[in-house]
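Some notes on the structure that comes next.
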Amino acid sequence: DNSSPTVDAGADVVAAAADLPVTLDATVDASIAGVASYAWSQTAGPGTVTFDDPTIEDPNATGVSVDGDYTLQLSVLDNSGNSASDTLTFTYDSTPPATPTIDVVATDDIINAAEQTATVTVTGGNEDGSTVTLNGNPTTIVTSTTWSYVLDAAAITAFGEGAETLTAVATDNAGNPNAVDGTRGITVDTSAPTFTSVALDSDEYINLAEATSSV
């Protein structure tokens, strides 16, 4: 048997600290001679990736010393002495994204009745590549560093009258949430002003004597 085994180290991995340990998912075909040994190793990267058992087909990556891109290699030897290998990229990111920002809402952070009817588009900024939710709702990606969200009339009505806080949460490609949420205080004022009518004397004029007393 002079046929080398077929080795696929698996899909590239992007992982956050909360994802560890990560189980690698390789595919190996050495059906003719059978597998004699597996050997996982790190061939490049800024730090060190550790495995629970680098001598099995699908070990767990249990620890990564620093953030960055690592090349992990699986080498396979079959029982006839033939060997083959394949690599994958393991990207580790344990750093939370920057706090997202929320721009001024409705030009003055006050939503009036006309703006409620027309809907209000909230915009803001975010770390490159991160996604943002506003009050728990997914926003629209405008560019890699900006987002938007439309507050419709129903959403504004649900706020009620008075003070309200908008909260933006960013999540990066590795799944890390921001350490500090972005917030902006706004006011909802959709009620028309009220006035009180005053009853005048029967002639509907106020003379000097009436002005210095009461009407």
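Here's how to read the names in the structure tokens: chain A, B, ... by the order shown, residue numbers from 1 in each chain, ligand numbers from 1 in the order shown.
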Quiz item: How would you write, as JSON, numbers by chain, the set of residues in region 80-172 of chain A that DSSP gives as strand (DSSP E)?
Solution: {"A": [83, 84, 85, 86, 87, 88, 89, 90, 91, 92, 101, 102, 110, 111, 112, 120, 121, 122, 123, 124, 125, 131, 132, 133, 134, 137, 138, 140, 141, 142, 143, 146, 147, 148, 149, 150, 151, 162, 163, 164, 165, 166, 167, 168, 169, 170, 171]}
Quiz item: Within 7 Å of Asn112 (chain A), counting only C-alpha atoms, which residues qualify if same-chain residues fewer than 5 places away don't, as a VMD selection string?
Solution: chain A and resid 188 to 190
File of the preceding selection, N, CA, C and O atoms, as a PDB file, in the first residue's frame:
```pdb
ATOM      1  N   VAL A 188     -39.804  61.134  25.545  1.00  0.00           N
ATOM      2  CA  VAL A 188     -40.957  61.002  24.648  1.00  0.00           C
ATOM      3  C   VAL A 188     -42.020  61.989  25.120  1.00  0.00           C
ATOM      4  O   VAL A 188     -42.475  61.936  26.265  1.00  0.00           O
ATOM      5  N   ASP A 189     -42.384  62.926  24.244  1.00  0.00           N
ATOM      6  CA  ASP A 189     -43.398  63.939  24.572  1.00  0.00           C
ATOM      7  C   ASP A 189     -44.323  64.074  23.371  1.00  0.00           C
ATOM      8  O   ASP A 189     -44.095  64.883  22.472  1.00  0.00           O
ATOM      9  N   THR A 190     -45.355  63.256  23.364  1.00  0.00           N
ATOM     10  CA  THR A 190     -46.290  63.250  22.226  1.00  0.00           C
ATOM     11  C   THR A 190     -47.657  63.813  22.601  1.00  0.00           C
ATOM     12  O   THR A 190     -48.588  63.765  21.804  1.00  0.00           O
TER      13      THR A 190
END
```
Self-check item: region 81-85 of chain A environment, 10 Å, only C-alpha atoms, sequence neighbours closer than 5 positions dropped, as number ranges by chain
Solution: A: 1-9, 28, 30, 33, 35-40, 73-76
Selection above as a file: C-alpha atoms, as a PDB file, in the first residue's frame:
```pdb
ATOM      1  CA  ASP A   1       0.000   0.000   0.000  1.00  0.00           C
ATOM      2  CA  ASN A   2       1.621   3.236  -1.153  1.00  0.00           C
ATOM      3  CA  SER A   3      -1.504   5.375  -0.927  1.00  0.00           C
ATOM      4  CA  SER A   4      -1.310   8.199   1.582  1.00  0.00           C
ATOM      5  CA  PRO A   5      -4.256   8.699   3.919  1.00  0.00           C
ATOM      6  CA  THR A   6      -6.704  11.487   3.146  1.00  0.00           C
ATOM      7  CA  VAL A   7      -6.602  14.160   5.845  1.00  0.00           C
ATOM      8  CA  ASP A   8      -8.918  17.135   6.413  1.00  0.00           C
ATOM      9  CA  ALA A   9      -8.088  19.063   9.573  1.00  0.00           C
ATOM     10  CA  VAL A  28      -9.356  11.092   8.067  1.00  0.00           C
ATOM     11  CA  ALA A  30      -6.935   5.546   5.822  1.00  0.00           C
ATOM     12  CA  ALA A  33      -3.955   0.264   5.831  1.00  0.00           C
ATOM     13  CA  VAL A  35      -4.340   4.706  10.985  1.00  0.00           C
ATOM     14  CA  ALA A  36      -1.160   4.137  12.978  1.00  0.00           C
ATOM     15  CA  SER A  37      -1.028   7.555  14.634  1.00  0.00           C
ATOM     16  CA  TYR A  38      -2.474  11.057  14.815  1.00  0.00           C
ATOM     17  CA  ALA A  39      -0.373  14.068  15.748  1.00  0.00           C
ATOM     18  CA  TRP A  40      -1.781  17.573  16.251  1.00  0.00           C
ATOM     19  CA  GLN A  73      -1.684  20.944  11.802  1.00  0.00           C
ATOM     20  CA  LEU A  74      -2.922  17.367  11.890  1.00  0.00           C
ATOM     21  CA  SER A  75      -0.402  14.766  10.672  1.00  0.00           C
ATOM     22  CA  VAL A  76      -1.551  11.185  10.107  1.00  0.00           C
TER      23      VAL A  76
END
```
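Between Asp172 (chain A) and the candidates A:Ala113, A:Ala16, A:Val22, A:Val122, the tightest atom-to-atom separation, counting only C-alpha atoms, involves A:Ala16.
Distances here use only C-alpha atoms; by that measure, the residue among A:Thr107, A:Thr50, A:Thr183, A:Asn176 closest to Leu134 (chain A) is A:Thr183.
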